[in-house]
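Shown below: structure-v6.cif, with mmCIF, C-alpha atoms and all ligand atoms.
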data_data
loop_
_atom_site.label_atom_id
_atom_site.label_comp_id
_atom_site.auth_asym_id
_atom_site.auth_seq_id
_atom_site.Cartn_x
_atom_site.Cartn_y
_atom_site.Cartn_z
CA MET A 1 65.32 -41.69 44.94
CA PRO A 2 69.06 -42.44 45.07
CA GLU A 3 69.71 -39.84 42.33
CA VAL A 4 68.32 -37.13 44.60
CA GLY A 5 69.05 -38.32 48.15
CA ALA A 6 69.44 -36.16 51.22
CA GLU A 7 72.00 -33.96 49.49
CA GLY A 8 69.69 -33.42 46.56
CA GLN A 9 66.81 -32.53 48.87
CA ALA A 10 69.07 -30.03 50.60
CA ARG A 11 70.04 -28.54 47.24
CA LEU A 12 66.39 -28.17 46.29
CA LYS A 13 65.68 -26.49 49.60
CA THR A 14 68.32 -23.82 49.00
CA ALA A 15 67.47 -23.37 45.31
CA ARG A 16 65.87 -20.21 44.00
CA VAL A 17 63.76 -20.33 40.83
CA LEU A 18 62.16 -17.36 39.08
CA CYS A 19 59.06 -18.05 36.99
CA ILE A 20 58.27 -15.34 34.43
CA GLY A 21 54.52 -15.55 33.95
CA ALA A 22 51.90 -17.40 35.99
CA GLY A 23 49.91 -18.48 32.93
CA GLY A 24 49.79 -21.65 30.84
CA LEU A 25 53.45 -22.61 31.24
CA GLY A 26 54.12 -21.01 34.62
CA SER A 27 51.12 -22.73 36.24
CA PRO A 28 52.23 -26.38 35.92
CA ALA A 29 55.90 -25.47 36.37
CA ALA A 30 55.30 -23.54 39.59
CA LEU A 31 52.90 -26.13 41.03
CA TYR A 32 55.37 -28.98 40.61
CA LEU A 33 58.38 -26.96 41.70
CA ALA A 34 56.55 -25.99 44.88
CA ALA A 35 55.51 -29.60 45.42
CA ALA A 36 59.12 -30.69 44.87
CA GLY A 37 60.24 -28.43 47.70
CA VAL A 38 62.20 -25.75 45.87
CA GLY A 39 63.33 -23.32 48.58
CA LYS A 40 62.36 -20.05 46.98
CA LEU A 41 59.95 -19.64 44.11
CA GLY A 42 59.62 -16.19 42.59
CA LEU A 43 56.76 -15.18 40.31
CA VAL A 44 56.40 -12.17 38.04
CA ASP A 45 53.10 -11.47 36.34
CA PHE A 46 50.94 -8.43 35.80
CA ASP A 47 47.69 -9.94 34.51
CA ASP A 48 44.35 -10.72 36.11
CA VAL A 49 42.82 -14.19 36.20
CA ASP A 50 40.38 -14.60 33.32
CA LEU A 51 37.74 -17.33 33.07
CA SER A 52 38.63 -18.05 29.43
CA ASN A 53 42.19 -19.02 30.42
CA LEU A 54 41.42 -21.53 33.15
CA GLN A 55 41.66 -24.57 30.84
CA ARG A 56 45.43 -24.09 30.82
CA GLN A 57 46.26 -21.76 33.72
CA ILE A 58 45.64 -24.37 36.40
CA LEU A 59 47.17 -22.37 39.25
CA HIS A 60 43.93 -20.40 39.31
CA GLY A 61 40.30 -21.32 39.90
CA THR A 62 36.88 -19.86 39.19
CA LYS A 63 36.86 -18.17 42.60
CA ASP A 64 39.99 -16.22 41.51
CA VAL A 65 38.52 -14.67 38.35
CA GLY A 66 39.30 -10.95 38.37
CA ARG A 67 42.07 -11.24 40.98
CA LEU A 68 45.71 -10.62 40.18
CA LYS A 69 47.25 -13.89 38.95
CA LEU A 70 50.08 -13.15 41.34
CA ASP A 71 47.78 -13.19 44.40
CA SER A 72 45.91 -16.27 43.31
CA ALA A 73 49.16 -18.13 42.49
CA ARG A 74 50.71 -17.25 45.83
CA ASP A 75 47.67 -18.54 47.75
CA ARG A 76 47.56 -21.78 45.80
CA LEU A 77 51.31 -22.47 46.07
CA ARG A 78 51.41 -21.70 49.81
CA ASP A 79 48.48 -24.03 50.30
CA LEU A 80 50.28 -26.74 48.35
CA ASN A 81 53.58 -26.40 50.24
CA PRO A 82 53.86 -23.90 53.10
CA ASN A 83 57.60 -24.60 53.38
CA VAL A 84 58.32 -22.94 50.05
CA ALA A 85 59.07 -19.23 50.16
CA VAL A 86 56.77 -17.95 47.42
CA VAL A 87 57.73 -14.43 46.40
CA ALA A 88 55.21 -12.54 44.30
CA HIS A 89 57.03 -9.70 42.52
CA GLU A 90 54.44 -7.05 41.86
CA VAL A 91 56.36 -5.38 39.08
CA ARG A 92 56.41 -5.62 35.35
CA PHE A 93 59.32 -7.69 34.02
CA SER A 94 60.91 -4.77 32.19
CA ALA A 95 64.35 -3.52 31.26
CA ASP A 96 64.33 -1.57 34.55
CA THR A 97 63.37 -4.44 36.85
CA ALA A 98 64.68 -7.57 35.11
CA PRO A 99 68.41 -7.40 36.01
CA ASP A 100 67.67 -7.03 39.72
CA LEU A 101 65.01 -9.79 39.67
CA VAL A 102 67.17 -12.29 37.82
CA ALA A 103 70.11 -11.59 40.16
CA GLN A 104 68.06 -12.95 43.08
CA TYR A 105 67.61 -16.40 41.50
CA ASP A 106 69.68 -19.38 40.31
CA VAL A 107 67.44 -20.51 37.45
CA VAL A 108 64.84 -18.71 35.33
CA ILE A 109 61.79 -20.29 33.73
CA ASP A 110 60.51 -18.26 30.82
CA GLY A 111 56.77 -18.78 30.62
CA CYS A 112 55.98 -15.53 28.86
CA ASP A 113 53.85 -15.21 25.74
CA ASN A 114 55.36 -12.21 23.97
CA PHE A 115 58.55 -11.39 22.12
CA PRO A 116 59.73 -8.28 24.01
CA THR A 117 59.73 -10.22 27.30
CA ARG A 118 61.37 -13.23 25.65
CA TYR A 119 64.29 -11.18 24.29
CA LEU A 120 64.60 -9.31 27.55
CA SER A 121 64.72 -12.44 29.71
CA ASN A 122 67.21 -13.99 27.31
CA ASP A 123 69.57 -11.04 27.34
CA VAL A 124 69.46 -10.51 31.09
CA CYS A 125 70.03 -14.23 31.78
CA VAL A 126 73.01 -14.31 29.38
CA TRP A 127 74.61 -11.35 31.12
CA ALA A 128 73.91 -12.77 34.60
CA LYS A 129 75.05 -16.28 33.55
CA LYS A 130 71.77 -17.83 34.69
CA PRO A 131 70.15 -20.73 32.80
CA ASN A 132 66.99 -19.57 31.02
CA ILE A 133 64.54 -22.42 30.53
CA TYR A 134 62.53 -21.71 27.43
CA GLY A 135 59.09 -23.04 26.58
CA SER A 136 56.56 -22.11 23.94
CA VAL A 137 53.25 -23.49 22.75
CA PHE A 138 51.18 -22.99 19.62
CA ARG A 139 47.95 -24.84 18.89
CA PHE A 140 48.96 -28.54 19.13
CA GLU A 141 52.72 -28.07 19.26
CA GLY A 142 55.22 -27.01 21.85
CA GLN A 143 58.94 -26.84 22.38
CA SER A 144 61.47 -26.40 25.10
CA THR A 145 65.21 -25.92 25.54
CA VAL A 146 67.66 -24.43 28.04
CA PHE A 147 69.45 -21.30 26.92
CA ALA A 148 72.77 -21.11 28.77
CA PRO A 149 75.82 -19.88 26.84
CA HIS A 150 77.87 -20.11 30.06
CA LEU A 151 77.16 -23.88 30.04
CA GLY A 152 78.11 -24.29 26.38
CA GLY A 153 74.73 -23.87 24.63
CA PRO A 154 73.26 -21.09 22.54
CA CYS A 155 70.98 -18.27 23.62
CA TYR A 156 67.61 -17.30 22.13
CA ARG A 157 69.23 -14.67 19.91
CA CYS A 158 71.61 -17.26 18.41
CA LEU A 159 68.47 -18.91 17.00
CA PHE A 160 66.38 -15.81 16.38
CA PRO A 161 68.56 -12.71 15.92
CA GLU A 162 65.52 -10.75 14.75
CA PRO A 163 61.95 -10.91 16.05
CA PRO A 164 59.24 -11.85 13.52
CA PRO A 165 57.40 -8.94 11.92
CA PRO A 166 54.66 -7.76 14.30
CA GLY A 167 51.30 -9.37 13.68
CA THR A 168 52.69 -12.43 11.89
CA VAL A 169 52.95 -14.66 14.95
CA PRO A 170 49.74 -14.72 16.97
CA ASN A 171 49.86 -15.41 20.70
CA CYS A 172 47.90 -18.15 22.47
CA ALA A 173 44.86 -15.99 23.05
CA GLU A 174 44.73 -15.19 19.33
CA ALA A 175 45.75 -18.50 17.75
CA GLY A 176 44.41 -20.83 20.37
CA VAL A 177 46.27 -23.60 22.12
CA LEU A 178 45.23 -27.05 23.21
CA GLY A 179 44.69 -26.45 26.94
CA VAL A 180 46.55 -29.59 28.00
CA LEU A 181 49.63 -28.82 25.91
CA PRO A 182 51.27 -26.16 28.12
CA GLY A 183 50.95 -28.69 30.93
CA ILE A 184 53.44 -30.92 29.11
CA ILE A 185 55.82 -28.15 28.11
CA GLY A 186 55.64 -26.41 31.52
CA LEU A 187 56.47 -29.69 33.24
CA ILE A 188 59.44 -30.24 30.94
CA GLN A 189 60.62 -26.80 32.04
CA ALA A 190 60.15 -27.78 35.71
CA ILE A 191 62.11 -31.02 35.19
CA GLU A 192 64.95 -29.11 33.57
CA ALA A 193 64.99 -26.67 36.50
CA ILE A 194 65.28 -29.54 38.97
CA LYS A 195 68.09 -31.21 36.97
CA LEU A 196 70.01 -27.93 36.80
CA ILE A 197 69.58 -27.50 40.56
CA LEU A 198 70.70 -31.07 41.31
CA GLY A 199 73.50 -30.94 38.74
CA ASN A 200 72.27 -34.29 37.53
CA GLY A 201 71.42 -35.83 34.16
CA GLU A 202 71.60 -34.39 30.65
CA THR A 203 69.83 -31.07 30.39
CA LEU A 204 68.37 -29.50 27.24
CA VAL A 205 71.37 -27.16 26.90
CA GLY A 206 72.16 -27.23 23.18
CA ARG A 207 69.06 -29.28 22.33
CA LEU A 208 65.54 -28.22 21.39
CA LEU A 209 62.80 -30.70 22.20
CA HIS A 210 59.76 -30.35 19.98
CA PHE A 211 56.43 -31.99 20.84
CA ASP A 212 53.58 -32.60 18.40
CA ALA A 213 50.45 -33.53 20.35
CA LEU A 214 48.42 -34.53 17.28
CA LYS A 215 51.02 -37.04 16.12
CA MET A 216 52.11 -37.74 19.72
CA LYS A 217 55.75 -37.37 18.71
CA PHE A 218 58.81 -35.84 20.32
CA ARG A 219 61.61 -34.73 18.05
CA GLU A 220 64.98 -33.31 18.98
CA PHE A 221 67.15 -30.74 17.26
CA ASN A 222 70.73 -29.88 18.08
CA LEU A 223 71.42 -26.20 18.61
CA ARG A 224 74.74 -24.40 18.37
CA ARG A 225 75.92 -21.17 19.84
CA ASP A 226 76.44 -18.52 17.15
CA THR A 227 79.88 -16.98 17.61
CA GLN A 228 78.49 -13.86 15.86
CA CYS A 229 75.55 -13.57 18.28
CA PRO A 230 75.11 -9.93 19.34
CA VAL A 231 74.58 -10.94 22.98
CA CYS A 232 76.47 -14.17 23.71
CA GLY A 233 78.90 -14.17 20.73
CA ASP A 234 82.65 -13.68 20.88
CA ALA A 235 82.36 -9.92 20.31
CA PRO A 236 78.95 -8.94 21.69
CA THR A 237 77.45 -5.66 20.50
CA ILE A 238 74.49 -5.63 22.92
CA THR A 239 75.65 -5.46 26.52
CA ALA A 240 72.78 -3.62 28.22
CA PRO A 241 68.99 -3.79 27.93
CA VAL A 242 67.57 -2.20 24.76
CA ASP A 243 64.09 -0.82 24.03
CA TYR A 244 62.44 -4.21 23.54
CA GLU A 245 59.03 -2.89 22.48
CA SER A 246 60.61 -0.90 19.65
CA PHE A 247 62.94 -3.77 18.74
CA CYS A 248 59.95 -6.10 18.38
CA GLY A 249 57.68 -3.49 16.79
CA THR A 250 55.08 -3.95 19.51
CA ARG A 251 54.71 -0.41 20.77
CA THR A 252 51.07 0.15 21.63
CA ASP A 253 51.18 3.85 22.49
CA VAL A 254 49.22 4.88 19.41
CA PRO A 255 46.16 7.17 19.53
CA ALA A 256 43.32 5.20 21.10
CA ILE A 257 39.80 5.48 22.46
CA SER A 258 38.11 3.46 25.18
CA VAL A 259 35.25 1.04 24.60
CA HIS A 260 32.97 3.49 26.45
CA GLU A 261 33.93 6.28 24.04
CA LEU A 262 33.22 4.02 21.06
CA LYS A 263 29.84 3.04 22.53
CA ARG A 264 28.92 6.70 23.04
CA ARG A 265 29.87 7.61 19.46
CA LEU A 266 27.88 4.69 18.06
CA ASP A 267 24.86 5.51 20.24
CA ASP A 268 25.00 9.16 19.16
CA ASN A 269 25.16 8.07 15.49
CA GLU A 270 28.44 9.88 14.98
CA PRO A 271 30.20 8.72 11.82
CA VAL A 272 32.55 5.91 12.87
CA ARG A 273 33.99 3.26 10.63
CA LEU A 274 34.88 0.23 12.74
CA ILE A 275 37.48 -2.15 11.33
CA ASP A 276 38.18 -5.57 12.84
CA VAL A 277 41.71 -6.82 12.04
CA ARG A 278 41.34 -10.27 13.61
CA GLU A 279 41.24 -13.58 11.78
CA PRO A 280 37.93 -14.81 10.28
CA PHE A 281 37.64 -17.66 12.81
CA GLU A 282 37.81 -15.13 15.62
CA ALA A 283 35.04 -13.07 14.06
CA GLU A 284 32.92 -16.23 14.01
CA LEU A 285 33.45 -16.62 17.75
CA ALA A 286 32.58 -13.07 18.66
CA ARG A 287 32.02 -9.79 16.90
CA ILE A 288 30.93 -6.23 17.48
CA ASP A 289 27.95 -5.24 15.33
CA SER A 290 28.88 -2.88 12.49
CA ALA A 291 32.55 -3.95 12.45
CA GLU A 292 34.06 -4.76 9.03
CA LEU A 293 36.59 -7.56 8.92
CA ILE A 294 40.00 -6.91 7.33
CA PRO A 295 42.54 -9.32 8.86
CA LEU A 296 45.83 -7.62 9.73
CA ARG A 297 47.80 -9.64 7.19
CA GLN A 298 45.53 -8.32 4.38
CA LEU A 299 45.63 -4.70 5.50
CA GLY A 300 48.50 -3.73 3.16
CA GLU A 301 46.66 -4.83 0.02
CA ARG A 302 43.20 -3.72 1.18
CA MET A 303 43.88 -0.34 2.77
CA GLU A 304 42.50 1.46 -0.28
CA GLU A 305 39.06 0.19 0.83
CA LEU A 306 39.39 2.70 3.67
CA ASP A 307 39.01 6.47 3.59
CA ARG A 308 42.12 8.44 4.62
CA ASP A 309 40.05 11.22 6.20
CA ALA A 310 37.15 9.29 7.76
CA TYR A 311 37.14 8.70 11.48
CA THR A 312 38.17 5.04 11.75
CA VAL A 313 38.45 2.84 14.82
CA VAL A 314 40.47 -0.36 14.56
CA HIS A 315 39.94 -3.25 16.93
CA CYS A 316 41.30 -6.76 17.50
CA HIS A 317 41.13 -9.21 20.40
CA THR A 318 43.03 -7.27 23.07
CA GLY A 319 44.36 -4.19 21.28
CA LEU A 320 47.85 -5.32 20.24
CA ARG A 321 47.33 -6.20 16.59
CA SER A 322 45.05 -3.22 16.12
CA ALA A 323 47.77 -0.94 17.53
CA GLN A 324 50.09 -2.24 14.81
CA ALA A 325 47.36 -1.62 12.26
CA VAL A 326 46.94 1.96 13.49
CA GLN A 327 50.70 2.51 13.32
CA PHE A 328 50.75 1.13 9.78
CA LEU A 329 47.74 3.13 8.57
CA ARG A 330 48.97 6.40 10.06
CA ALA A 331 52.31 5.85 8.34
CA ASN A 332 50.29 5.56 5.11
CA GLY A 333 48.45 8.84 5.49
CA PHE A 334 45.34 7.82 7.42
CA ARG A 335 45.15 10.73 9.84
CA ASN A 336 41.89 9.90 11.59
CA VAL A 337 42.50 6.31 12.62
CA VAL A 338 42.59 5.27 16.28
CA ASN A 339 42.95 2.06 18.25
CA LEU A 340 40.23 0.52 20.41
CA ALA A 341 41.99 0.06 23.75
CA GLY A 342 41.51 -3.45 25.13
CA GLY A 343 39.85 -4.71 21.95
CA ILE A 344 36.75 -6.84 21.81
CA ASP A 345 37.82 -8.37 25.12
CA ALA A 346 37.23 -5.03 26.87
CA TRP A 347 34.01 -4.54 24.88
CA SER A 348 32.73 -7.82 26.27
CA ASP A 349 33.84 -6.96 29.82
CA GLU A 350 32.53 -3.42 29.95
CA ILE A 351 29.87 -2.87 27.28
CA ASP A 352 28.21 -6.06 26.08
CA PRO A 353 28.52 -9.29 28.10
CA ASN A 354 26.62 -11.10 25.32
CA VAL A 355 29.77 -10.88 23.20
CA GLN A 356 31.47 -14.18 23.88
CA LYS A 357 34.97 -14.11 25.38
CA TYR A 358 37.62 -16.44 23.98
ZN ZN B 1 73.47 -16.01 21.58
#
Take the structure I supplied and represent it as structure tokens, if you would.
Amino acid sequence: MPEVGAEGQARLKTARVLCIGAGGLGSPAALYLAAAGVGKLGLVDFDDVDLSNLQRQILHGTKDVGRLKLDSARDRLRDLNPNVAVVAHEVRFSADTAPDLVAQYDVVIDGCDNFPTRYLSNDVCVWAKKPNIYGSVFRFEGQSTVFAPHLGGPCYRCLFPEPPPPGTVPNCAEAGVLGVLPGIIGLIQAIEAIKLILGNGETLVGRLLHFDALKMKFREFNLRRDTQCPVCGDAPTITAPVDYESFCGTRTDVPAISVHELKRRLDDNEPVRLIDVREPFEAELARIDSAELIPLRQLGERMEELDRDAYTVVHCHTGLRSAQAVQFLRANGFRNVVNLAGGIDAWSDEIDPNVQKY
């Protein structure tokens, strides 16, 4: 292609792209960036490959189930293009590791699925003056933009100064996502990365592209940098990483028991009240016998149905929403309430394989 040429190929070969997450968005993005011949492709991820995610996490196959996503991704990408230096960073993308990771790359692709990581990657990229290519998906809709205040656009915090209240925005595993959809959004992210590397075309800096798969429509919104933004504004008040879990209200270090401990208590007929805080459609997919359904969003108005002194175990899909429920209930005087670590997902893995995974 004349727009790329030998010089463009050379630029791609020296380019360094960091992909945060090797899941639904990171899979298509990393595959195409490797195929395009990006010189160095870094990956950060801490999860294992799960069968229920393969419809969208196409870097991985059935033979990889149970492996680290990082290992499976590295094998697949090296197989696709051995000339790409694939670097698997076996660390959590945290306030401690993020600045050093981002410093090693020219462009960052944010393919994460949680708010603490999203704010962290935003802040670190703003400080390091690296473009942060954003993508998100929800059911049948997705969106993408490039956050780059140093190139004239806004950052994530200009749009969302505060995270949503915990529990109000479900992630993909909880809300579901059309498996094909992250393919589209992840590829838009990959295209933006290539344009930024080549210095060619009009990037999504200052524009948000929204895609509705049901209507098959793309819409575009102009975005402006907020001069009052605490990170990229004219007088920033946040200049170093904060405690992102606390900021987003997603701390999960509440009192908890394992699925094995719950099984033992149930088998021994010890008094246990088991509360399921997932959505009704999730309970239709899979449930633990004896669990009572009180969706997290109804917990405030229905907590009087519970006994403040009774031993109560709260569970959800993976243990995040239930941790918020435990935090909330303890703050309201429920002294004997604990979280089920790993949620129904762990129950299915370790106790009862007949409970369907989703
Ligand atoms: Zn900003």
Any chance you could tabulate, as a tab-separated table, the residues of chain A at most 10 Å from ligand ZN 1 (chain B) with each one's nearest atom pair and distance in Å to one decimal, using all atoms listed in the file, in chain and rising number order?
residue	atom	partner	partner_atom	distance
A:Asn122	CA	B:ZN1	ZN	8.7
A:Asp123	CA	B:ZN1	ZN	8.5
A:Val126	CA	B:ZN1	ZN	8.0
A:Phe147	CA	B:ZN1	ZN	8.5
A:Ala148	CA	B:ZN1	ZN	8.8
A:Pro149	CA	B:ZN1	ZN	6.9
A:Gly153	CA	B:ZN1	ZN	8.5
A:Pro154	CA	B:ZN1	ZN	5.2
A:Cys155	CA	B:ZN1	ZN	3.9
A:Tyr156	CA	B:ZN1	ZN	6.0
A:Arg157	CA	B:ZN1	ZN	4.7
A:Cys158	CA	B:ZN1	ZN	3.9
A:Leu159	CA	B:ZN1	ZN	7.4
A:Phe160	CA	B:ZN1	ZN	8.8
A:Pro161	CA	B:ZN1	ZN	8.2
A:Arg224	CA	B:ZN1	ZN	9.1
A:Arg225	CA	B:ZN1	ZN	6.0
A:Asp226	CA	B:ZN1	ZN	5.9
A:Thr227	CA	B:ZN1	ZN	7.6
A:Gln228	CA	B:ZN1	ZN	7.9
A:Cys229	CA	B:ZN1	ZN	4.6
A:Pro230	CA	B:ZN1	ZN	6.7
A:Val231	CA	B:ZN1	ZN	5.4
A:Cys232	CA	B:ZN1	ZN	4.1
A:Gly233	CA	B:ZN1	ZN	5.8
A:Asp234	CA	B:ZN1	ZN	9.5
A:Pro236	CA	B:ZN1	ZN	8.9
- line: From the list A:Ile288, A:Ala240, A:Leu306, A:Val4, the nearest residue to Ile344 (chain A) using only C-alpha atoms is A:Ile288
So which residues touch Gly199 (chain A) within 12 Å, counting only C-alpha atoms, skipping near sequence neighbours fewer than 5 positions away, as a PDB file with C-alpha atoms, in the coordinates of the input?
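File produced: result.pdb:
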ATOM      1  CA  GLU A   3      69.710 -39.840  42.330  1.00  0.00           C
ATOM      2  CA  VAL A   4      68.320 -37.130  44.600  1.00  0.00           C
ATOM      3  CA  GLU A   7      72.000 -33.960  49.490  1.00  0.00           C
ATOM      4  CA  GLY A   8      69.690 -33.420  46.560  1.00  0.00           C
ATOM      5  CA  ARG A  11      70.040 -28.540  47.240  1.00  0.00           C
ATOM      6  CA  LEU A  12      66.390 -28.170  46.290  1.00  0.00           C
ATOM      7  CA  ALA A  15      67.470 -23.370  45.310  1.00  0.00           C
ATOM      8  CA  LEU A 151      77.160 -23.880  30.040  1.00  0.00           C
ATOM      9  CA  ILE A 191      62.110 -31.020  35.190  1.00  0.00           C
ATOM     10  CA  GLU A 192      64.950 -29.110  33.570  1.00  0.00           C
ATOM     11  CA  ALA A 193      64.990 -26.670  36.500  1.00  0.00           C
ATOM     12  CA  ILE A 194      65.280 -29.540  38.970  1.00  0.00           C
TER      13      ILE A 194
END
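Between Gly342 (chain A) and the residues A:Ser52, A:Ile184, A:Arg219, A:Leu262, the shortest atom-to-atom distance, using all atoms listed in the file, involves A:Leu262.
The neighbours of Cys248 (chain A) here are the residues that come within 10 Å of it, using all atoms listed in the file and leaving out any residue fewer than 5 positions away in the same chain; they are Asn114, Phe115, Pro116, Thr117, Tyr119, Glu162, Pro163, Pro164, Pro165, Pro166 and Asp243 of chain A.
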Around (62.8, -22.3, 37.7) in the file's frame, which residues reach within 7 Å when counting all atoms listed in the file? Return as a compact mmCIF listing (two decimals) with C-alpha atoms, in the coordinates of the input?
# COMPACT_ATOMS: atom_id res chain seq x y z
CA VAL A 17 63.76 -20.33 40.83
CA LEU A 18 62.16 -17.36 39.08
CA CYS A 19 59.06 -18.05 36.99
CA VAL A 107 67.44 -20.51 37.45
CA VAL A 108 64.84 -18.71 35.33
CA ILE A 109 61.79 -20.29 33.73
CA ALA A 190 60.15 -27.78 35.71
CA ALA A 193 64.99 -26.67 36.50
query: How many Å separate CA of Asn332 (chain A) from CA of Thr318 (chain A)?
result: 23.2 Å
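Proximity ranking of A:Ala6, A:Val102, A:Ala331, A:Ile294 relative to Cys125 (chain A) places A:Val102 first, based on all atoms listed in the file.
You can rank A:Val177, A:Leu68, A:Ala341, A:Ala128 by their closest distance to Gln55 (chain A) using all atoms listed in the file, and at the top of that list sits A:Val177.
Note that the spacing between CA of Gln143 (chain A) and CA of Asp113 (chain A) amounts to 13.1 Å.
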- request: For CA of Ser94 (chain A) and CA of Gly42 (chain A), quote the distance in Å rounded to one decimal.
  value: 15.5 Å
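Of the residues under consideration (A:Thr312, A:Val91, A:Gln327, A:Ala256), A:Ala256 shows the shortest atom-to-atom contact distance to Gly343 (chain A) when counting all atoms listed in the file.
Nearest-residue note for Lys357 (chain A): choosing from A:Thr14, A:Asn53, A:Ser72, A:Asn81, the minimum distance belongs to A:Asn53, counting all atoms listed in the file.
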Just need the box for region 316-321 of chain A, edges along x, y and z, holding every atom the file lists for it with 4 Å tacked onto each side, so centre and edge lengths in Å to one decimal, as lines of an AutoDock Vina configuration file.
center_x = 44.5
center_y = -6.7
center_z = 19.8
size_x = 14.7
size_y = 13.0
size_z = 14.5
message: Within 9 Å of (57.8, -24.6, 30.1) in the file's own coordinates, which protein, DNA or RNA residues have an atom, counting all atoms listed in the file? List them as a PyMOL selection string.
response: chain A and resi 24-26+28-29+109-111+133-137+142-145+182-190
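Those residues that approach Arg78 (chain A) to within 12 Å, counting all atoms listed in the file, are A:Ala30, A:Leu31, A:Leu33, A:Ala34, A:Ala35, A:Gly37, A:Lys40, A:Leu41, A:Leu59, A:Asp71, A:Ser72, A:Ala73, A:Arg74, A:Asp75, A:Arg76, A:Leu80, A:Asn81, A:Pro82, A:Asn83, A:Val84, A:Ala85, A:Val86, A:Val87, A:Ala88; same-chain residues fewer than 2 positions away are not listed.
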message: Neighbouring residues of Glu90 (chain A) were defined as those with any atom within 9 Å, considering all atoms listed in the file; residues of the same chain fewer than 3 positions away were excluded. Please report them as an MDAnalysis selection string.
response: chainID A and resid 43:46 70
For the residues in the current selection, export C-alpha atoms as a short mmCIF file (atom, residue, chain, number, x, y, z; two decimals), in the frame of the given file.
data_model
loop_
_atom_site.label_atom_id
_atom_site.label_comp_id
_atom_site.auth_asym_id
_atom_site.auth_seq_id
_atom_site.Cartn_x
_atom_site.Cartn_y
_atom_site.Cartn_z
CA LEU A 43 56.76 -15.18 40.31
CA VAL A 44 56.40 -12.17 38.04
CA ASP A 45 53.10 -11.47 36.34
CA PHE A 46 50.94 -8.43 35.80
CA LEU A 70 50.08 -13.15 41.34
#
Taking the structure I provided as the source, export region 218-222 of chain A with all heavy atoms, as a CSV table (one decimal), in the first residue's frame.
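Okay, this is what ended up in selection.csv:
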chain,number,residue,atom,x,y,z
A,218,PHE,N,-23.0,2.8,13.2
A,218,PHE,CA,-21.9,3.5,13.8
A,218,PHE,C,-22.3,5.0,14.1
A,218,PHE,O,-22.8,5.6,13.2
A,218,PHE,CB,-20.6,3.5,13.0
A,218,PHE,CG,-19.9,2.2,13.0
A,218,PHE,CD1,-20.1,1.3,12.0
A,218,PHE,CD2,-18.9,2.0,14.0
A,218,PHE,CE1,-19.4,0.1,12.0
A,218,PHE,CE2,-18.2,0.8,14.0
A,218,PHE,CZ,-18.5,-0.2,13.0
A,219,ARG,N,-22.1,5.5,15.3
A,219,ARG,CA,-22.3,6.9,15.5
A,219,ARG,C,-21.0,7.5,16.1
A,219,ARG,O,-20.2,6.8,16.7
A,219,ARG,CB,-23.4,7.1,16.5
A,219,ARG,CG,-24.8,6.9,15.9
A,219,ARG,CD,-25.9,7.2,16.9
A,219,ARG,NE,-25.8,6.3,18.1
A,219,ARG,CZ,-26.4,6.5,19.2
A,219,ARG,NH1,-27.1,7.6,19.4
A,219,ARG,NH2,-26.2,5.7,20.2
A,220,GLU,N,-20.9,8.8,15.9
A,220,GLU,CA,-19.7,9.4,16.4
A,220,GLU,C,-20.0,10.6,17.3
A,220,GLU,O,-20.9,11.4,17.1
A,220,GLU,CB,-18.9,9.9,15.1
A,220,GLU,CG,-17.5,10.3,15.4
A,220,GLU,CD,-16.8,10.8,14.1
A,220,GLU,OE1,-16.8,10.1,13.1
A,220,GLU,OE2,-16.3,11.9,14.2
A,221,PHE,N,-19.2,10.7,18.4
A,221,PHE,CA,-19.4,11.9,19.3
A,221,PHE,C,-18.1,12.6,19.4
A,221,PHE,O,-17.0,12.0,19.6
A,221,PHE,CB,-19.8,11.4,20.7
A,221,PHE,CG,-21.1,10.5,20.6
A,221,PHE,CD1,-21.1,9.2,20.5
A,221,PHE,CD2,-22.3,11.2,20.7
A,221,PHE,CE1,-22.2,8.4,20.4
A,221,PHE,CE2,-23.5,10.4,20.7
A,221,PHE,CZ,-23.5,9.0,20.5
A,222,ASN,N,-18.2,13.9,19.4
A,222,ASN,CA,-16.9,14.7,19.7
A,222,ASN,C,-16.7,14.8,21.2
A,222,ASN,O,-17.6,15.0,21.9
A,222,ASN,CB,-17.1,16.1,19.1
A,222,ASN,CG,-17.0,16.1,17.6
A,222,ASN,OD1,-16.2,15.3,17.0
A,222,ASN,ND2,-17.8,16.8,16.9
